[in-house]
$ cat entry_10.cif   # mmCIF, C-alpha atoms
data_data
loop_
_atom_site.group_PDB
_atom_site.id
_atom_site.type_symbol
_atom_site.label_atom_id
_atom_site.label_comp_id
_atom_site.auth_asym_id
_atom_site.auth_seq_id
_atom_site.Cartn_x
_atom_site.Cartn_y
_atom_site.Cartn_z
ATOM 1 C CA MET S 1 -100.460 209.196 175.393
ATOM 2 C CA SER S 2 -98.228 206.139 175.612
ATOM 3 C CA THR S 3 -100.374 204.403 173.057
ATOM 4 C CA SER S 4 -99.828 207.262 170.577
ATOM 5 C CA SER S 5 -96.048 207.158 170.999
ATOM 6 C CA GLU S 6 -95.954 203.369 170.493
ATOM 7 C CA ILE S 7 -97.924 203.727 167.265
ATOM 8 C CA ALA S 8 -95.520 206.425 166.023
ATOM 9 C CA ALA S 9 -92.481 204.314 166.885
ATOM 10 C CA ALA S 10 -93.930 201.283 165.139
ATOM 11 C CA SER S 11 -94.591 203.330 162.016
ATOM 12 C CA GLN S 12 -90.879 204.184 161.762
ATOM 13 C CA VAL S 13 -89.889 200.509 161.550
ATOM 14 C CA THR S 14 -89.597 199.302 157.947
ATOM 15 C CA THR S 15 -91.653 196.248 157.358
ATOM 16 C CA PRO S 16 -90.119 193.816 154.840
ATOM 17 C CA SER S 17 -92.231 193.297 151.775
ATOM 18 C CA LEU S 18 -93.850 189.992 151.068
ATOM 19 C CA ASP S 19 -91.632 189.530 148.013
ATOM 20 C CA THR S 20 -88.465 189.954 150.104
ATOM 21 C CA VAL S 21 -89.591 187.508 152.728
ATOM 22 C CA SER S 22 -90.741 184.839 150.340
ATOM 23 C CA ARG S 23 -87.752 185.026 147.955
ATOM 24 C CA PRO S 24 -84.872 182.786 149.070
ATOM 25 C CA LYS S 25 -81.446 184.264 149.499
ATOM 26 C CA THR S 26 -79.283 183.497 146.476
ATOM 27 C CA TRP S 27 -75.831 184.460 145.210
ATOM 28 C CA GLU S 28 -77.353 187.113 142.969
ATOM 29 C CA THR S 29 -79.388 188.776 145.767
ATOM 30 C CA SER S 30 -76.545 188.694 148.282
ATOM 31 C CA THR S 31 -73.929 190.128 145.896
ATOM 32 C CA HIS S 32 -76.305 192.425 143.952
ATOM 33 C CA PHE S 33 -75.084 190.965 140.613
ATOM 34 C CA GLU S 34 -77.504 190.201 137.855
ATOM 35 C CA ARG S 35 -77.799 186.644 136.682
ATOM 36 C CA ALA S 36 -76.296 185.910 133.268
ATOM 37 C CA PRO S 37 -78.798 185.004 130.571
ATOM 38 C CA ASP S 38 -79.397 181.313 130.037
ATOM 39 C CA ARG S 39 -77.486 179.573 127.272
ATOM 40 C CA PRO S 40 -79.433 178.972 124.095
ATOM 41 C CA ILE S 41 -80.996 175.548 123.949
ATOM 42 C CA LYS S 42 -80.199 173.421 120.914
ATOM 43 C CA VAL S 43 -83.100 171.237 119.864
ATOM 44 C CA ILE S 44 -81.885 168.186 117.923
ATOM 45 C CA ARG S 45 -84.502 167.365 115.334
ATOM 46 C CA PRO S 46 -85.260 163.891 113.951
ATOM 47 C CA PRO S 47 -82.913 162.719 111.199
ATOM 48 C CA SER S 48 -83.652 164.149 107.778
ATOM 49 C CA PHE S 49 -81.837 163.985 104.468
ATOM 50 C CA SER S 50 -82.432 167.241 102.582
ATOM 51 C CA LEU S 51 -80.753 170.317 101.151
ATOM 52 C CA SER S 52 -81.972 172.402 104.095
ATOM 53 C CA THR S 53 -79.925 170.128 106.340
ATOM 54 C CA ILE S 54 -76.785 171.135 104.434
ATOM 55 C CA SER S 55 -77.428 174.889 104.619
ATOM 56 C CA THR S 56 -78.354 174.756 108.307
ATOM 57 C CA GLY S 57 -75.328 172.602 109.087
ATOM 58 C CA LEU S 58 -72.931 174.928 107.280
ATOM 59 C CA HIS S 59 -74.379 177.945 109.082
ATOM 60 C CA THR S 60 -73.861 176.247 112.441
ATOM 61 C CA LEU S 61 -70.379 175.098 111.442
ATOM 62 C CA VAL S 62 -69.335 178.686 110.736
ATOM 63 C CA GLN S 63 -70.527 179.685 114.215
ATOM 64 C CA TYR S 64 -68.302 176.960 115.723
ATOM 65 C CA SER S 65 -65.259 177.719 113.567
ATOM 66 C CA ASP S 66 -63.206 178.578 116.661
ATOM 67 C CA LEU S 67 -63.813 175.069 117.996
ATOM 68 C CA LEU S 68 -62.568 173.597 114.709
ATOM 69 C CA TYR S 69 -59.395 175.645 115.072
ATOM 70 C CA THR S 70 -58.928 174.574 118.694
ATOM 71 C CA LEU S 71 -59.463 170.871 118.017
ATOM 72 C CA SER S 72 -57.101 170.974 115.036
ATOM 73 C CA LEU S 73 -54.354 172.394 117.249
ATOM 74 C CA PHE S 74 -55.202 169.747 119.820
ATOM 75 C CA ARG S 75 -54.675 167.002 117.231
ATOM 76 C CA LEU S 76 -51.235 168.330 116.362
ATOM 77 C CA ASN S 77 -50.181 168.886 119.964
ATOM 78 C CA VAL S 78 -51.255 165.420 121.073
ATOM 79 C CA ARG S 79 -49.612 163.770 118.072
ATOM 80 C CA TYR S 80 -46.203 165.280 118.761
ATOM 81 C CA LYS S 81 -46.432 165.641 122.539
ATOM 82 C CA GLN S 82 -43.367 164.385 124.442
ATOM 83 C CA SER S 83 -41.672 163.595 121.142
ATOM 84 C CA ALA S 84 -37.964 164.260 120.816
ATOM 85 C CA LEU S 85 -38.231 164.909 117.076
ATOM 86 C CA GLY S 86 -41.510 166.798 117.307
ATOM 87 C CA TRP S 87 -42.813 168.129 114.000
ATOM 88 C CA THR S 88 -40.035 166.316 112.134
ATOM 89 C CA TRP S 89 -42.214 163.205 112.233
ATOM 90 C CA ALA S 90 -44.469 164.845 109.644
ATOM 91 C CA ALA S 91 -41.655 164.455 107.097
ATOM 92 C CA LEU S 92 -40.121 161.198 108.339
ATOM 93 C CA GLN S 93 -42.974 158.969 107.156
ATOM 94 C CA PRO S 94 -42.837 159.995 103.476
ATOM 95 C CA LEU S 95 -39.030 160.048 103.624
ATOM 96 C CA ALA S 96 -38.897 156.510 105.017
ATOM 97 C CA LEU S 97 -41.346 155.225 102.412
ATOM 98 C CA MET S 98 -39.406 157.055 99.705
ATOM 99 C CA GLY S 99 -36.214 155.256 100.751
ATOM 100 C CA ILE S 100 -37.893 151.830 100.764
ATOM 101 C CA TYR S 101 -39.567 152.252 97.385
ATOM 102 C CA THR S 102 -36.424 153.730 95.874
ATOM 103 C CA ILE S 103 -34.422 150.640 96.847
ATOM 104 C CA ILE S 104 -37.111 148.278 95.554
ATOM 105 C CA PHE S 105 -37.931 150.027 92.292
ATOM 106 C CA THR S 106 -34.378 150.957 91.319
ATOM 107 C CA ARG S 107 -32.444 147.881 92.482
ATOM 108 C CA VAL S 108 -34.966 145.065 92.157
ATOM 109 C CA THR S 109 -37.013 146.339 89.230
ATOM 110 C CA THR S 110 -37.293 149.427 87.065
ATOM 111 C CA VAL S 111 -40.098 151.969 86.780
ATOM 112 C CA ALA S 112 -40.362 154.439 83.914
ATOM 113 C CA THR S 113 -40.316 157.968 85.338
ATOM 114 C CA GLY S 114 -39.780 160.024 82.187
ATOM 115 C CA GLY S 115 -36.258 160.990 83.206
ATOM 116 C CA THR S 116 -37.188 162.236 86.682
ATOM 117 C CA PRO S 117 -35.002 160.896 89.528
ATOM 118 C CA TYR S 118 -37.001 158.192 91.262
ATOM 119 C CA PRO S 119 -36.715 159.664 94.806
ATOM 120 C CA VAL S 120 -38.362 162.879 93.622
ATOM 121 C CA PHE S 121 -40.842 160.934 91.500
ATOM 122 C CA VAL S 122 -42.085 158.699 94.308
ATOM 123 C CA PHE S 123 -42.019 161.437 96.948
ATOM 124 C CA SER S 124 -44.272 163.632 94.797
ATOM 125 C CA GLY S 125 -46.785 160.775 94.719
ATOM 126 C CA LEU S 126 -46.475 159.866 98.375
ATOM 127 C CA LEU S 127 -47.093 163.429 99.500
ATOM 128 C CA PRO S 128 -50.735 163.766 98.335
ATOM 129 C CA TRP S 129 -51.465 160.105 99.052
ATOM 130 C CA ILE S 130 -50.358 160.288 102.699
ATOM 131 C CA PHE S 131 -52.401 163.462 103.115
ATOM 132 C CA PHE S 132 -55.463 161.669 101.730
ATOM 133 C CA SER S 133 -55.017 158.334 103.523
ATOM 134 C CA SER S 134 -54.047 159.743 106.935
ATOM 135 C CA THR S 135 -57.099 162.000 106.895
ATOM 136 C CA ILE S 136 -59.425 159.071 106.286
ATOM 137 C CA SER S 137 -57.749 156.567 108.619
ATOM 138 C CA ASN S 138 -57.749 159.011 111.541
ATOM 139 C CA ALA S 139 -61.137 160.638 110.907
ATOM 140 C CA VAL S 140 -63.046 157.352 110.610
ATOM 141 C CA ASN S 141 -62.316 156.488 114.249
ATOM 142 C CA GLY S 142 -62.535 160.069 115.509
ATOM 143 C CA LEU S 143 -66.153 159.986 116.680
ATOM 144 C CA VAL S 144 -65.954 156.693 118.563
ATOM 145 C CA LEU S 145 -62.782 157.763 120.365
ATOM 146 C CA TYR S 146 -64.529 160.685 122.091
ATOM 147 C CA PRO S 147 -67.912 159.388 123.331
ATOM 148 C CA ASN S 148 -67.953 161.846 126.258
ATOM 149 C CA LEU S 149 -67.915 164.820 123.911
ATOM 150 C CA LEU S 150 -70.815 163.443 121.911
ATOM 151 C CA THR S 151 -73.002 162.557 124.882
ATOM 152 C CA LYS S 152 -72.419 165.499 127.235
ATOM 153 C CA MET S 153 -72.415 168.594 125.064
ATOM 154 C CA TYR S 154 -73.601 169.818 121.687
ATOM 155 C CA PHE S 155 -71.426 170.982 118.842
ATOM 156 C CA PRO S 156 -71.446 170.161 115.131
ATOM 157 C CA ARG S 157 -70.160 166.599 115.060
ATOM 158 C CA GLU S 158 -68.450 167.092 111.708
ATOM 159 C CA ILE S 159 -65.850 169.208 113.487
ATOM 160 C CA ILE S 160 -64.147 166.038 114.746
ATOM 161 C CA PRO S 161 -63.407 164.454 111.320
ATOM 162 C CA LEU S 162 -62.676 167.857 109.786
ATOM 163 C CA SER S 163 -60.109 168.589 112.498
ATOM 164 C CA TYR S 164 -58.161 165.521 111.338
ATOM 165 C CA LEU S 165 -58.277 166.925 107.805
ATOM 166 C CA VAL S 166 -56.750 170.217 108.976
ATOM 167 C CA ALA S 167 -54.060 168.386 110.965
ATOM 168 C CA SER S 168 -53.144 166.212 107.959
ATOM 169 C CA PHE S 169 -52.985 169.284 105.746
ATOM 170 C CA THR S 170 -50.493 170.841 108.178
ATOM 171 C CA ASP S 171 -48.314 167.737 107.892
ATOM 172 C CA PHE S 172 -48.661 167.977 104.110
ATOM 173 C CA CYS S 173 -47.348 171.549 104.141
ATOM 174 C CA ILE S 174 -44.354 170.532 106.265
ATOM 175 C CA ALA S 175 -43.505 167.595 104.008
ATOM 176 C CA SER S 176 -43.829 169.859 100.959
ATOM 177 C CA MET S 177 -40.715 171.677 102.140
ATOM 178 C CA ILE S 178 -38.843 168.374 101.929
ATOM 179 C CA LEU S 179 -40.086 167.915 98.376
ATOM 180 C CA GLY S 180 -38.782 171.379 97.527
ATOM 181 C CA GLY S 181 -35.399 170.450 98.967
ATOM 182 C CA LEU S 182 -35.298 167.247 96.917
ATOM 183 C CA MET S 183 -36.126 169.158 93.751
ATOM 184 C CA VAL S 184 -33.310 171.593 94.411
ATOM 185 C CA HIS S 185 -30.908 168.734 95.170
ATOM 186 C CA TYR S 186 -31.741 166.827 91.987
ATOM 187 C CA LYS S 187 -31.954 170.066 89.954
ATOM 188 C CA VAL S 188 -35.598 169.639 89.007
ATOM 189 C CA PRO S 189 -36.745 173.073 87.768
ATOM 190 C CA LEU S 190 -39.702 174.917 89.281
ATOM 191 C CA THR S 191 -42.148 176.514 86.851
ATOM 192 C CA TRP S 192 -45.199 178.710 87.212
ATOM 193 C CA HIS S 193 -47.337 175.612 86.585
ATOM 194 C CA LEU S 194 -46.648 174.840 90.232
ATOM 195 C CA LEU S 195 -49.571 177.137 91.057
ATOM 196 C CA TYR S 196 -51.943 174.539 89.619
ATOM 197 C CA ALA S 197 -51.083 172.402 92.645
ATOM 198 C CA ILE S 198 -53.376 174.620 94.759
ATOM 199 C CA PRO S 199 -56.659 173.610 93.058
ATOM 200 C CA VAL S 200 -55.428 170.007 92.807
ATOM 201 C CA VAL S 201 -54.834 169.804 96.557
ATOM 202 C CA LEU S 202 -58.131 171.562 97.314
ATOM 203 C CA ILE S 203 -60.068 169.047 95.214
ATOM 204 C CA LEU S 204 -58.190 166.188 96.890
ATOM 205 C CA ALA S 205 -59.018 167.668 100.312
ATOM 206 C CA GLY S 206 -62.682 167.893 99.334
ATOM 207 C CA PHE S 207 -62.757 164.242 98.294
ATOM 208 C CA ALA S 208 -60.962 163.222 101.501
ATOM 209 C CA ALA S 209 -63.545 165.185 103.502
ATOM 210 C CA ALA S 210 -66.386 163.413 101.682
ATOM 211 C CA ILE S 211 -64.949 159.953 102.352
ATOM 212 C CA ALA S 212 -64.133 160.841 105.984
ATOM 213 C CA LEU S 213 -67.596 162.253 106.723
ATOM 214 C CA PHE S 214 -69.409 159.304 105.180
ATOM 215 C CA PHE S 215 -67.388 156.506 106.774
ATOM 216 C CA SER S 216 -67.074 158.202 110.177
ATOM 217 C CA ALA S 217 -70.879 158.328 110.341
ATOM 218 C CA VAL S 218 -71.116 154.655 109.330
ATOM 219 C CA GLN S 219 -68.404 153.728 111.856
ATOM 220 C CA VAL S 220 -70.624 154.907 114.714
ATOM 221 C CA ARG S 221 -73.061 152.082 113.947
ATOM 222 C CA PHE S 222 -70.798 149.505 112.340
ATOM 223 C CA ARG S 223 -67.300 149.283 113.839
ATOM 224 C CA ASP S 224 -66.221 146.969 111.022
ATOM 225 C CA VAL S 225 -65.417 150.092 108.984
ATOM 226 C CA GLY S 226 -62.588 151.094 111.294
ATOM 227 C CA LEU S 227 -61.153 147.574 111.246
ATOM 228 C CA ALA S 228 -61.281 147.245 107.468
ATOM 229 C CA MET S 229 -60.096 150.755 106.576
ATOM 230 C CA PRO S 230 -56.306 150.215 107.038
ATOM 231 C CA PHE S 231 -56.420 147.207 104.696
ATOM 232 C CA LEU S 232 -58.567 149.038 102.149
ATOM 233 C CA LEU S 233 -56.221 152.023 102.117
ATOM 234 C CA GLN S 234 -53.219 149.756 101.686
ATOM 235 C CA VAL S 235 -54.811 148.112 98.657
ATOM 236 C CA TRP S 236 -56.033 151.473 97.357
ATOM 237 C CA MET S 237 -52.489 152.846 97.373
ATOM 238 C CA PHE S 238 -51.358 150.344 94.745
ATOM 239 C CA THR S 239 -54.334 151.167 92.513
ATOM 240 C CA VAL S 240 -53.245 154.805 92.127
ATOM 241 C CA PRO S 241 -50.020 156.093 90.505
ATOM 242 C CA VAL S 242 -47.898 156.579 93.610
ATOM 243 C CA VAL S 243 -44.928 154.251 93.038
ATOM 244 C CA TYR S 244 -45.452 154.036 89.265
ATOM 245 C CA SER S 245 -46.509 156.469 86.565
ATOM 246 C CA LEU S 246 -49.826 156.736 84.783
ATOM 247 C CA GLN S 247 -48.076 155.764 81.554
ATOM 248 C CA ALA S 248 -47.449 152.306 83.028
ATOM 249 C CA VAL S 249 -51.192 151.637 82.903
ATOM 250 C CA PRO S 250 -52.288 150.059 79.602
ATOM 251 C CA HIS S 251 -53.912 152.634 77.366
ATOM 252 C CA ARG S 252 -57.087 150.579 76.886
ATOM 253 C CA LEU S 253 -57.620 150.496 80.656
ATOM 254 C CA ARG S 254 -56.609 154.065 81.362
ATOM 255 C CA GLY S 255 -60.109 155.518 81.013
ATOM 256 C CA LEU S 256 -61.480 153.043 83.561
ATOM 257 C CA TYR S 257 -58.449 153.625 85.770
ATOM 258 C CA LEU S 258 -59.020 157.375 85.902
ATOM 259 C CA LEU S 259 -62.579 156.945 87.170
ATOM 260 C CA ASP S 260 -60.920 156.975 90.563
ATOM 261 C CA PRO S 261 -60.464 160.712 91.251
ATOM 262 C CA VAL S 262 -57.502 160.023 93.555
ATOM 263 C CA ALA S 263 -55.557 158.533 90.646
ATOM 264 C CA GLY S 264 -56.188 161.559 88.452
ATOM 265 C CA LEU S 265 -55.377 164.034 91.210
ATOM 266 C CA ILE S 266 -52.093 162.372 92.185
ATOM 267 C CA ASP S 267 -51.035 162.260 88.542
ATOM 268 C CA SER S 268 -52.025 165.925 88.132
ATOM 269 C CA PHE S 269 -50.054 166.908 91.238
ATOM 270 C CA ARG S 270 -46.931 165.163 89.970
ATOM 271 C CA ARG S 271 -47.421 166.644 86.524
ATOM 272 C CA VAL S 272 -47.614 170.263 87.649
ATOM 273 C CA VAL S 273 -44.926 170.028 90.338
ATOM 274 C CA ILE S 274 -42.313 167.682 88.894
ATOM 275 C CA ASP S 275 -42.878 167.767 85.148
ATOM 276 C CA GLY S 276 -43.604 171.511 85.089
ATOM 277 C CA ALA S 277 -46.562 171.037 82.746
ATOM 278 C CA ALA S 278 -50.172 172.127 82.857
ATOM 279 C CA PRO S 279 -52.605 169.540 84.202
ATOM 280 C CA ASP S 280 -55.054 167.628 82.087
ATOM 281 C CA PHE S 281 -57.933 170.073 82.491
ATOM 282 C CA ARG S 282 -60.478 167.535 81.309
ATOM 283 C CA ALA S 283 -59.410 165.026 83.963
ATOM 284 C CA LEU S 284 -59.196 167.771 86.571
ATOM 285 C CA ALA S 285 -62.712 168.967 85.760
ATOM 286 C CA PHE S 286 -63.977 165.386 86.014
ATOM 287 C CA CYS S 287 -62.408 165.021 89.474
ATOM 288 C CA GLY S 288 -63.866 168.349 90.541
ATOM 289 C CA ALA S 289 -67.327 167.287 89.367
ATOM 290 C CA ILE S 290 -67.127 164.065 91.397
ATOM 291 C CA VAL S 291 -66.125 166.024 94.494
ATOM 292 C CA ALA S 292 -68.846 168.624 93.904
ATOM 293 C CA ALA S 293 -71.414 165.817 93.836
ATOM 294 C CA SER S 294 -70.038 163.541 96.563
ATOM 295 C CA LEU S 295 -69.166 166.117 99.223
ATOM 296 C CA PRO S 296 -72.698 167.576 99.663
ATOM 297 C CA LEU S 297 -74.197 164.065 99.656
ATOM 298 C CA ALA S 298 -71.710 162.844 102.260
ATOM 299 C CA TYR S 299 -72.285 165.924 104.400
ATOM 300 C CA ALA S 300 -76.059 165.537 104.186
ATOM 301 C CA PHE S 301 -75.758 161.870 105.165
ATOM 302 C CA PHE S 302 -73.516 162.796 108.093
ATOM 303 C CA LYS S 303 -75.927 165.479 109.336
ATOM 304 C CA SER S 304 -78.881 163.129 108.990
ATOM 305 C CA SER S 305 -77.052 160.603 111.186
ATOM 306 C CA GLU S 306 -75.961 163.226 113.715
ATOM 307 C CA ALA S 307 -79.217 163.193 115.697
ATOM 308 C CA THR S 308 -78.787 159.571 116.814
ATOM 309 C CA MET S 309 -75.006 159.427 117.237
ATOM 310 C CA ALA S 310 -75.070 160.091 120.985
ATOM 311 C CA ASP S 311 -77.635 157.329 121.481
ATOM 312 C CA VAL S 312 -75.826 154.728 119.375
ATOM 313 C CA ILE S 313 -72.277 155.403 120.483
#

$ encode --input "entry_10.cif" --output "structure tokens"
Amino acid sequence: MSTSSEIAAASQVTTPSLDTVSRPKTWETSTHFERAPDRPIKVIRPPSFSLSTISTGLHTLVQYSDLLYTLSLFRLNVRYKQSALGWTWAALQPLALMGIYTIIFTRVTTVATGGTPYPVFVFSGLLPWIFFSSTISNAVNGLVLYPNLLTKMYFPREIIPLSYLVASFTDFCIASMILGGLMVHYKVPLTWHLLYAIPVVLILAGFAAAIALFFSAVQVRFRDVGLAMPFLLQVWMFTVPVVYSLQAVPHRLRGLYLLDPVAGLIDSFRRVVIDGAAPDFRALAFCGAIVAASLPLAYAFFKSSEATMADVI
């Protein structure tokens, strides 16, 4: 009788299953929360230079567009952090250079400007040039300045140089307000041809992106690029019509001179903004064709070098 009651009592005790006993106690089992799905794994393929690399890279770049926005804001915040003048520094550099060149080229020597006051003339050339040169000088060293980002996590590496492009474009927009004020002060009329400045600046931004992507990828392997770039940009500035006009270039050399798309774009910007005339569409189309060819090649080269950047840096 006692044996029967013991068997009945034992049958009422719940025996833990083998799965419960063998499974270790974790945060998910103790809190009854389901584990989040694992993050997708990015497999970095061997370097390849092809058109498929461009399409795949652009698709991934669109997915990380929020990171491009965040890093661009980070560039601007760091640049003007703990600065008493803050965003005013974006206009002080072209203003300071305008004052120096105005003194030199109006007191020491004379530059033909076609009747345009020289401060407005030189400022309209400095504006696109500083946008172009600051993008390149900052973007070239961007990858080597953040080795921890490249070695510890994956994201499209081109976001780093492109974030410098966005930050420089923001400075360009701020300084453009100063140019508008100078034009009002010197009574330079605004015409509807000013709208042509939009495609001019976009083409210039595309060429700056191509140069920045190419040389930032080379800088990862050869640090000489970052050391030589400030000197090259300084020399480059005097080979484009920033402090002088295109008409100052001898006519027989002008065709060779305009092979540099930066020279044609700066002259086109000044022409549509200051002179109130339509751009030279032939020269503008030539600059656009160079950008359309160089930007995909530079991007493909950058993406082909991306696979080994973390190892080399």

$ resolve_selection --input "entry_10.cif" --expression "the PyMOL selection byres ((chain S and resi 113) around 10)" --output "PDB file with C-alpha atoms, in the coordinates of the input"
ATOM      1  CA  THR S 110     -37.293 149.427  87.065  1.00  0.00           C
ATOM      2  CA  VAL S 111     -40.098 151.969  86.780  1.00  0.00           C
ATOM      3  CA  ALA S 112     -40.362 154.439  83.914  1.00  0.00           C
ATOM      4  CA  GLY S 114     -39.780 160.024  82.187  1.00  0.00           C
ATOM      5  CA  GLY S 115     -36.258 160.990  83.206  1.00  0.00           C
ATOM      6  CA  THR S 116     -37.188 162.236  86.682  1.00  0.00           C
ATOM      7  CA  PRO S 117     -35.002 160.896  89.528  1.00  0.00           C
ATOM      8  CA  TYR S 118     -37.001 158.192  91.262  1.00  0.00           C
ATOM      9  CA  VAL S 120     -38.362 162.879  93.622  1.00  0.00           C
ATOM     10  CA  PHE S 121     -40.842 160.934  91.500  1.00  0.00           C
ATOM     11  CA  VAL S 122     -42.085 158.699  94.308  1.00  0.00           C
ATOM     12  CA  VAL S 243     -44.928 154.251  93.038  1.00  0.00           C
ATOM     13  CA  TYR S 244     -45.452 154.036  89.265  1.00  0.00           C
ATOM     14  CA  SER S 245     -46.509 156.469  86.565  1.00  0.00           C
ATOM     15  CA  LEU S 246     -49.826 156.736  84.783  1.00  0.00           C
ATOM     16  CA  GLN S 247     -48.076 155.764  81.554  1.00  0.00           C
ATOM     17  CA  ALA S 248     -47.449 152.306  83.028  1.00  0.00           C
TER      18      ALA S 248
END

$ residues_around --input "entry_10.cif" --residues "range 141-148 of chain S" --least-positions-apart "3" --cutoff "8 Å" --atoms "all atoms listed in the file" --output "list in words"
Ser137, Asn138, Thr151, Lys152, Arg157, Ile160, Pro161, Ser216, Gln219, Val220, Gly226, Ala310 and Ile313 of chain S

$ axis_aligned_box --input "entry_10.cif" --around "range 215-221 of chain S" --padding-each-side "3 Å" --output "AutoDock Vina command-line options"
--center_x -70.1 --center_y 155.2 --center_z 110.7 --size_x 12.0 --size_y 12.2 --size_z 13.9

$ closest_residue --input "entry_10.cif" --among "S:Ala90, S:Val62, S:Ala278, S:Ile54" --to "Thr191 in chain S" --atoms "all atoms listed in the file"
S:Ala278

$ atom_distance --input "entry_10.cif" --atom1 "CA of Gln234 in chain S" --atom2 "CA of Phe269 in chain S"
20.3 Å

$ closest_atom_pairs --input "entry_10.cif" --of "range 115-143 of chain S" --to "range 165-170 of chain S" --cutoff "9 Å" --atoms "all atoms listed in the file" --output "tab-separated table"
residue	atom	partner	partner_atom	distance
S:Ile130	CA	S:Ser168	CA	8.4
S:Phe131	CA	S:Ser168	CA	5.6
S:Phe132	CA	S:Ser168	CA	8.1
S:Ser134	CA	S:Ser168	CA	6.6
S:Thr135	CA	S:Leu165	CA	5.1
S:Ile136	CA	S:Leu165	CA	8.1
S:Asn138	CA	S:Leu165	CA	8.8
S:Ala139	CA	S:Leu165	CA	7.6
